[in-house]
file run_3.cif (mmCIF, C-alpha atoms)
data_model
loop_
_atom_site.label_atom_id
_atom_site.label_comp_id
_atom_site.auth_asym_id
_atom_site.auth_seq_id
_atom_site.Cartn_x
_atom_site.Cartn_y
_atom_site.Cartn_z
CA MET Y 964 -9.57 -119.03 -34.39
CA SER Y 965 -11.94 -117.90 -37.09
CA ASN Y 966 -11.15 -115.15 -39.56
CA ILE Y 967 -14.69 -113.84 -39.15
CA TYR Y 968 -15.08 -110.70 -37.05
CA ILE Y 969 -17.96 -108.77 -35.55
CA GLY Y 970 -17.55 -105.06 -36.22
CA TYR Y 971 -19.28 -102.49 -34.02
CA HIS Y 972 -19.65 -98.95 -35.31
CA PHE Y 973 -20.26 -96.41 -32.53
CA THR Y 974 -21.52 -92.84 -32.91
CA ILE Y 975 -20.44 -90.91 -29.83
CA GLU Y 976 -21.27 -87.47 -28.41
CA PRO Y 977 -19.10 -85.86 -27.12
CA LYS Y 978 -16.72 -87.76 -29.32
CA GLU Y 979 -13.21 -87.29 -27.88
CA LEU Y 980 -13.81 -88.09 -24.22
CA GLY Y 981 -16.47 -90.69 -25.00
CA SER Y 982 -14.20 -92.50 -27.47
CA GLU Y 983 -11.35 -92.69 -24.96
CA ILE Y 984 -13.54 -94.14 -22.22
CA LEU Y 985 -15.32 -96.55 -24.56
CA ILE Y 986 -12.06 -97.88 -25.99
CA ALA Y 987 -10.71 -98.41 -22.47
CA GLU Y 988 -13.81 -100.39 -21.48
CA LEU Y 989 -13.97 -102.41 -24.71
CA GLY Y 990 -10.26 -103.16 -24.31
CA GLU Y 991 -11.15 -105.12 -21.18
CA LYS Y 992 -13.26 -107.39 -23.38
CA ALA Y 993 -12.13 -109.43 -26.37
CA PHE Y 994 -12.07 -106.49 -28.79
CA GLU Y 995 -8.71 -106.46 -30.54
CA SER Y 996 -8.72 -103.48 -32.87
CA PHE Y 997 -10.14 -99.97 -32.99
CA THR Y 998 -10.30 -97.35 -35.71
CA GLU Y 999 -11.42 -93.75 -35.38
CA THR Y 1000 -14.29 -92.51 -37.55
CA GLU Y 1001 -15.72 -89.07 -38.17
CA THR Y 1002 -18.46 -89.62 -35.62
CA GLY Y 1003 -16.85 -92.03 -33.15
CA ILE Y 1004 -15.03 -95.36 -33.38
CA SER Y 1005 -15.30 -98.81 -34.90
CA ALA Y 1006 -14.32 -101.80 -32.76
CA PHE Y 1007 -13.70 -105.37 -33.87
CA VAL Y 1008 -13.88 -108.72 -32.06
CA GLN Y 1009 -13.36 -112.22 -33.40
CA LYS Y 1010 -16.68 -114.00 -33.80
CA ASP Y 1011 -15.37 -117.00 -31.86
CA LEU Y 1012 -14.90 -114.71 -28.83
CA TRP Y 1013 -18.18 -112.83 -29.25
CA ASP Y 1014 -21.62 -113.33 -27.75
CA GLU Y 1015 -24.74 -111.19 -27.64
CA THR Y 1016 -24.06 -110.03 -24.07
CA ILE Y 1017 -20.59 -108.62 -24.79
CA LEU Y 1018 -21.70 -105.00 -24.26
CA GLU Y 1019 -23.94 -105.62 -21.24
CA ASP Y 1020 -21.54 -104.27 -18.58
CA ILE Y 1021 -19.97 -101.47 -20.65
CA GLN Y 1022 -20.78 -98.67 -18.21
CA ILE Y 1023 -20.42 -95.70 -20.55
CA LEU Y 1024 -23.29 -97.04 -22.65
CA GLN Y 1025 -25.54 -96.43 -19.63
CA SER Y 1026 -24.12 -93.00 -18.81
CA GLU Y 1027 -26.38 -89.96 -19.20
CA GLU Y 1028 -23.29 -87.83 -19.93
CA PHE Y 1029 -22.85 -89.40 -23.36
CA LYS Y 1030 -25.08 -90.17 -26.30
CA ILE Y 1031 -23.86 -93.37 -27.93
CA ASP Y 1032 -25.55 -95.30 -30.72
CA TYR Y 1033 -24.14 -98.29 -32.53
CA THR Y 1034 -24.66 -100.84 -35.26
CA PHE Y 1035 -22.79 -104.09 -35.74
CA GLU Y 1036 -22.09 -106.43 -38.62
CA GLU Y 1037 -20.30 -109.64 -39.45
CA ILE Y 1038 -17.07 -109.12 -41.39
CA GLU Y 1039 -14.95 -111.81 -43.04
CA GLN Y 1040 -11.17 -111.79 -43.42
CA VAL Y 1041 -10.39 -108.40 -41.87
CA ASN Y 1042 -7.12 -107.09 -43.31
CA TRP Y 1043 -5.77 -104.97 -40.43
CA ASN Y 1044 -2.87 -103.64 -42.47
CA GLU Y 1045 -5.35 -102.37 -45.03
CA GLU Y 1046 -7.48 -100.82 -42.28
CA TRP Y 1047 -4.49 -98.96 -40.85
CA GLU Y 1048 -3.28 -97.87 -44.27
CA LYS Y 1049 -6.65 -96.23 -44.81
CA ASN Y 1050 -6.63 -94.50 -41.43
CA PHE Y 1051 -2.98 -93.87 -40.49
CA GLU Y 1052 -1.50 -90.70 -41.93
CA PRO Y 1053 2.15 -89.73 -41.24
CA ILE Y 1054 2.75 -87.08 -38.57
CA ASP Y 1055 5.25 -84.26 -38.42
CA VAL Y 1056 6.09 -82.73 -35.03
CA GLU Y 1057 7.76 -79.32 -35.34
CA GLY Y 1058 9.64 -80.42 -38.45
CA ASN Y 1059 12.10 -82.46 -36.35
CA CYS Y 1060 10.24 -85.70 -35.73
CA HIS Y 1061 8.40 -87.68 -38.38
CA VAL Y 1062 6.22 -90.61 -37.34
CA ARG Y 1063 5.14 -92.89 -40.14
CA ALA Y 1064 4.05 -96.40 -40.99
CA PRO Y 1065 6.32 -98.72 -43.02
CA PHE Y 1066 4.32 -97.97 -46.19
CA HIS Y 1067 4.97 -94.19 -45.94
CA PRO Y 1068 8.03 -92.69 -47.69
CA LYS Y 1069 11.00 -91.63 -45.56
CA THR Y 1070 11.56 -87.92 -45.04
CA ASP Y 1071 14.65 -85.96 -44.03
CA ALA Y 1072 13.38 -85.31 -40.48
CA GLU Y 1073 16.09 -85.58 -37.82
CA TYR Y 1074 14.10 -88.26 -36.01
CA ASP Y 1075 12.35 -90.65 -38.39
CA ILE Y 1076 10.23 -93.14 -36.44
CA VAL Y 1077 8.55 -96.09 -38.15
CA ILE Y 1078 5.55 -97.49 -36.27
CA GLU Y 1079 3.44 -100.51 -37.15
CA PRO Y 1080 0.50 -99.47 -34.99
CA LYS Y 1081 -1.83 -102.46 -35.25
CA MET Y 1082 -4.38 -101.95 -32.46
CA SER Y 1083 -2.01 -100.28 -30.00
CA PHE Y 1084 -2.36 -96.72 -28.82
CA GLY Y 1085 0.30 -94.07 -29.24
CA THR Y 1086 0.69 -93.62 -32.98
CA GLY Y 1087 1.41 -89.94 -32.47
CA HIS Y 1088 -1.94 -88.80 -33.80
CA HIS Y 1089 -3.42 -88.33 -30.37
CA GLU Y 1090 -2.80 -84.95 -28.77
CA THR Y 1091 -1.15 -86.45 -25.70
CA THR Y 1092 1.49 -88.39 -27.66
CA HIS Y 1093 2.16 -85.35 -29.83
CA MET Y 1094 2.80 -83.18 -26.76
CA MET Y 1095 5.06 -85.76 -25.14
CA ILE Y 1096 7.13 -85.76 -28.34
CA GLN Y 1097 7.33 -81.97 -28.04
CA HIS Y 1098 8.70 -82.26 -24.50
CA LEU Y 1099 11.30 -84.83 -25.55
CA LEU Y 1100 12.40 -82.76 -28.55
CA GLU Y 1101 13.18 -79.88 -26.19
CA MET Y 1102 15.22 -81.98 -23.75
CA ASN Y 1103 18.78 -83.24 -23.67
CA VAL Y 1104 18.21 -86.84 -22.57
CA THR Y 1105 21.66 -88.24 -23.42
CA GLY Y 1106 22.62 -90.98 -20.99
CA MET Y 1107 19.39 -90.71 -18.99
CA LYS Y 1108 18.01 -93.94 -17.58
CA THR Y 1109 14.42 -93.72 -18.81
CA LEU Y 1110 11.01 -95.25 -18.14
CA ASP Y 1111 8.17 -95.16 -20.70
CA MET Y 1112 5.14 -96.09 -18.58
CA GLY Y 1113 2.03 -97.16 -20.49
CA CYS Y 1114 4.21 -97.32 -23.59
CA GLY Y 1115 1.51 -98.31 -26.15
CA THR Y 1116 3.52 -98.59 -29.38
CA ALA Y 1117 6.78 -97.55 -27.61
CA ILE Y 1118 6.99 -94.46 -29.80
CA LEU Y 1119 8.21 -92.30 -26.88
CA ALA Y 1120 10.80 -94.85 -25.78
CA ILE Y 1121 12.05 -95.04 -29.38
CA LEU Y 1122 12.39 -91.26 -29.64
CA ALA Y 1123 14.17 -91.16 -26.27
CA GLU Y 1124 16.74 -93.70 -27.50
CA MET Y 1125 17.19 -91.82 -30.76
CA LYS Y 1126 18.02 -88.77 -28.65
CA GLY Y 1127 20.60 -90.67 -26.61
CA ALA Y 1128 18.72 -91.95 -23.56
CA GLN Y 1129 19.75 -95.35 -22.21
CA PRO Y 1130 18.92 -97.81 -20.80
CA ILE Y 1131 15.15 -97.56 -21.31
CA ASP Y 1132 12.37 -99.63 -19.75
CA ALA Y 1133 9.01 -99.63 -21.59
CA ILE Y 1134 6.04 -101.00 -19.66
CA ASP Y 1135 2.43 -101.65 -20.64
CA ILE Y 1136 -0.28 -103.72 -18.99
CA ASP Y 1137 -1.78 -104.69 -22.35
CA ASN Y 1138 -0.31 -107.81 -23.98
CA TRP Y 1139 -0.87 -106.53 -27.52
CA CYS Y 1140 0.94 -103.28 -26.66
CA TYR Y 1141 3.77 -105.27 -25.09
CA LEU Y 1142 4.25 -107.35 -28.24
CA ASN Y 1143 3.82 -104.37 -30.56
CA SER Y 1144 6.39 -102.35 -28.57
CA ILE Y 1145 8.96 -105.11 -28.96
CA GLU Y 1146 8.31 -105.20 -32.70
CA ASN Y 1147 8.54 -101.42 -33.09
CA ALA Y 1148 11.75 -101.17 -31.04
CA GLU Y 1149 13.32 -103.77 -33.33
CA ARG Y 1150 11.95 -102.05 -36.42
CA ASN Y 1151 13.70 -98.82 -35.41
CA ASN Y 1152 16.98 -100.63 -34.58
CA CYS Y 1153 16.76 -99.74 -30.90
CA LYS Y 1154 19.32 -101.61 -28.78
CA HIS Y 1155 18.66 -100.12 -25.34
CA ILE Y 1156 14.91 -100.64 -24.86
CA THR Y 1157 13.60 -103.48 -22.68
CA VAL Y 1158 9.84 -104.02 -22.84
CA TYR Y 1159 7.86 -105.43 -19.89
CA GLU Y 1160 4.24 -106.48 -19.55
CA GLY Y 1161 2.74 -105.26 -16.28
CA ASP Y 1162 1.92 -102.24 -14.13
CA ALA Y 1163 3.55 -99.98 -11.54
CA ALA Y 1164 4.36 -103.00 -9.34
CA LEU Y 1165 7.31 -103.57 -11.70
CA LEU Y 1166 8.89 -100.29 -10.52
CA LYS Y 1167 9.81 -101.62 -7.08
CA ASP Y 1168 13.50 -100.89 -6.35
CA LYS Y 1169 14.03 -99.28 -9.77
CA LYS Y 1170 15.41 -95.75 -10.31
CA TYR Y 1171 15.23 -93.48 -13.37
CA ASP Y 1172 16.47 -90.08 -14.47
CA LEU Y 1173 13.47 -89.57 -16.77
CA ILE Y 1174 9.95 -90.97 -16.42
CA ILE Y 1175 7.42 -90.64 -19.25
CA ALA Y 1176 3.87 -91.48 -18.19
CA ASN Y 1177 1.12 -91.00 -20.77
CA ILE Y 1178 -1.81 -92.86 -19.25
CA ASN Y 1179 -4.91 -91.28 -17.67
CA ARG Y 1180 -5.71 -89.21 -14.62
CA ASN Y 1181 -6.93 -91.98 -12.34
CA ILE Y 1182 -4.00 -94.31 -12.97
CA LEU Y 1183 -1.50 -91.45 -12.67
CA LEU Y 1184 -2.94 -90.42 -9.31
CA ASN Y 1185 -3.10 -94.01 -8.09
CA ASP Y 1186 0.51 -94.75 -9.05
CA MET Y 1187 2.04 -91.31 -8.37
CA GLN Y 1188 3.95 -92.43 -5.28
CA SER Y 1189 5.53 -95.28 -7.24
CA TYR Y 1190 6.71 -92.85 -9.91
CA VAL Y 1191 8.15 -90.41 -7.37
CA ASP Y 1192 9.88 -93.22 -5.46
CA SER Y 1193 11.46 -94.35 -8.74
CA LEU Y 1194 12.76 -90.91 -9.75
CA ASN Y 1195 16.38 -89.99 -9.06
CA THR Y 1196 17.19 -86.68 -7.41
CA GLY Y 1197 17.17 -84.02 -10.10
CA GLY Y 1198 15.13 -86.28 -12.38
CA THR Y 1199 12.29 -85.29 -14.69
CA ILE Y 1200 8.74 -86.63 -15.07
CA LEU Y 1201 6.58 -85.96 -18.13
CA PHE Y 1202 2.85 -86.56 -17.61
CA SER Y 1203 0.00 -86.65 -20.10
CA GLY Y 1204 -3.26 -88.46 -20.75
CA PHE Y 1205 -5.60 -86.02 -19.03
CA TYR Y 1206 -7.54 -82.80 -19.55
CA GLU Y 1207 -6.99 -79.19 -18.54
CA GLU Y 1208 -9.60 -79.50 -15.80
CA ASP Y 1209 -7.62 -82.40 -14.30
CA ILE Y 1210 -4.51 -80.24 -13.72
CA PRO Y 1211 -5.39 -79.23 -10.10
CA PHE Y 1212 -5.64 -82.90 -9.07
CA ILE Y 1213 -2.38 -83.90 -10.79
CA ASP Y 1214 -0.56 -80.82 -9.53
CA ALA Y 1215 -1.71 -81.27 -5.94
CA SER Y 1216 -0.46 -84.86 -5.91
CA CYS Y 1217 2.88 -83.90 -7.49
CA THR Y 1218 3.43 -80.94 -5.18
CA GLU Y 1219 2.55 -82.97 -2.10
CA LYS Y 1220 5.21 -85.51 -3.07
CA GLY Y 1221 7.93 -82.91 -3.61
CA LEU Y 1222 7.86 -82.43 -7.37
CA THR Y 1223 8.28 -78.97 -8.91
CA TYR Y 1224 6.21 -77.77 -11.86
CA VAL Y 1225 8.21 -76.65 -14.92
CA LYS Y 1226 5.89 -76.18 -17.91
CA LYS Y 1227 2.94 -77.53 -19.85
CA PHE Y 1228 1.77 -78.00 -23.43
CA GLN Y 1229 -1.88 -77.93 -24.41
CA ARG Y 1230 -3.60 -79.19 -27.56
CA ASN Y 1231 -7.37 -78.81 -27.72
CA ASN Y 1232 -8.39 -79.67 -24.14
CA TRP Y 1233 -5.57 -82.19 -23.57
CA VAL Y 1234 -2.46 -81.22 -21.58
CA SER Y 1235 1.04 -82.50 -20.93
CA ILE Y 1236 3.03 -81.30 -17.91
CA LYS Y 1237 6.71 -81.43 -17.00
CA TYR Y 1238 7.89 -81.76 -13.38
CA VAL Y 1239 11.33 -82.12 -11.82
CA ASN Y 1240 12.38 -83.75 -8.58
#

call {"tool": "encode", "arguments": {"input": "run_3.cif", "output": "structure tokens"}}
result
Amino acid sequence: MSNIYIGYHFTIEPKELGSEILIAELGEKAFESFTETETGISAFVQKDLWDETILEDIQILQSEEFKIDYTFEEIEQVNWNEEWEKNFEPIDVEGNCHVRAPFHPKTDAEYDIVIEPKMSFGTGHHETTHMMIQHLLEMNVTGMKTLDMGCGTAILAILAEMKGAQPIDAIDIDNWCYLNSIENAERNNCKHITVYEGDAALLKDKKYDLIIANINRNILLNDMQSYVDSLNTGGTILFSGFYEEDIPFIDASCTEKGLTYVKKFQRNNWVSIKYVN
């Protein structure tokens, strides 16, 4: 493979929702890294895997709900570590949980998590990951058999183990996330996390005390029955990855399947909801 990349720089309005959808669509192509900018995102693909038609079936670019402009350029020898060092700031959640990259200094936070994010999602900067950390910080998860569904960087699985949960399954459909999760679990000396590459089909005949699912509304609704079937009596599910206006759809599905609402967190327009079985 060549070290030459094609970098696309997108200006997106509205930025938050548009960026999420665009990244999801580009992730189905050969794009292998994304960075957030003040006006949108930048996305990078190896030149060997690029052709002029690569954006032709990206549906959001044709949507009247978003205004998206872009430029692209050829870039040699992209240093991804340097890119992340420029864009990845350490995060503090309620003074108890510190999420940082290896090049950040250690703090005295009770839970110090070191993440090498690469292109994976879930660095803790996004509102949904932040709220899921809040839920976990409030809970006593000692000895809970746990699932981190759509694990991204495995940050939530790592925090769960630090708080005493075990064993833990971490699942993501994206190969890069799968590999990055293994690396991050090892980096944080986690001994009870097993990472799998795949989707909800892997949950067949499995049971958990705690399920963490930070994905998006459509996938959550599509796979809700699998999550409920995998939850032990008295178990807890933490959901995020959707907006306040999506709550009625998520809640209706959960209630129909016998789950009981407990509480929610909200940051900007994103929400995270806790249910029990």

call {"tool": "resolve_selection", "arguments": {"input": "run_3.cif", "expression": "the PyMOL selection byres ((chain Y and resi 1017-1029) around 12)", "output": "ChimeraX atom specification"}}
result
/Y:969,971,973-994,1003,1006-1010,1012-1016,1030-1033,1035

call {"tool": "atom_distance", "arguments": {"input": "run_3.cif", "atom1": "CA of Phe1205 (chain Y)", "atom2": "CA of Gly1113 (chain Y)"}}
result
13.6 Å

call {"tool": "resolve_selection", "arguments": {"input": "run_3.cif", "expression": "the PyMOL selection byres ((chain Y and resi 1103) around 10)", "output": "ChimeraX atom specification"}}
result
/Y:1099-1102,1104-1107,1123,1126-1128

call {"tool": "residues_around", "arguments": {"input": "run_3.cif", "residues": "Thr1223 (chain Y)", "least_positions_apart": "5", "cutoff": "10 Å", "atoms": "all atoms listed in the file", "output": "number ranges by chain"}}
result
Y: 1199-1200, 1214, 1217-1218, 1237-1240

call {"tool": "residues_around", "arguments": {"input": "run_3.cif", "residues": "region 1165-1181 of chain Y", "least_positions_apart": "3", "cutoff": "7 Å", "atoms": "only C-alpha atoms", "output": "ChimeraX atom specification"}}
result
/Y:1107-1113,1161-1162,1184-1185,1189,1193-1195,1198-1205

call {"tool": "resolve_selection", "arguments": {"input": "run_3.cif", "expression": "the PyMOL selection byres ((chain Y and resi 1208) around 12)", "output": "MDAnalysis selection string"}}
result
chainID Y and resid 1180 1205:1207 1209:1214 1229 1232:1234
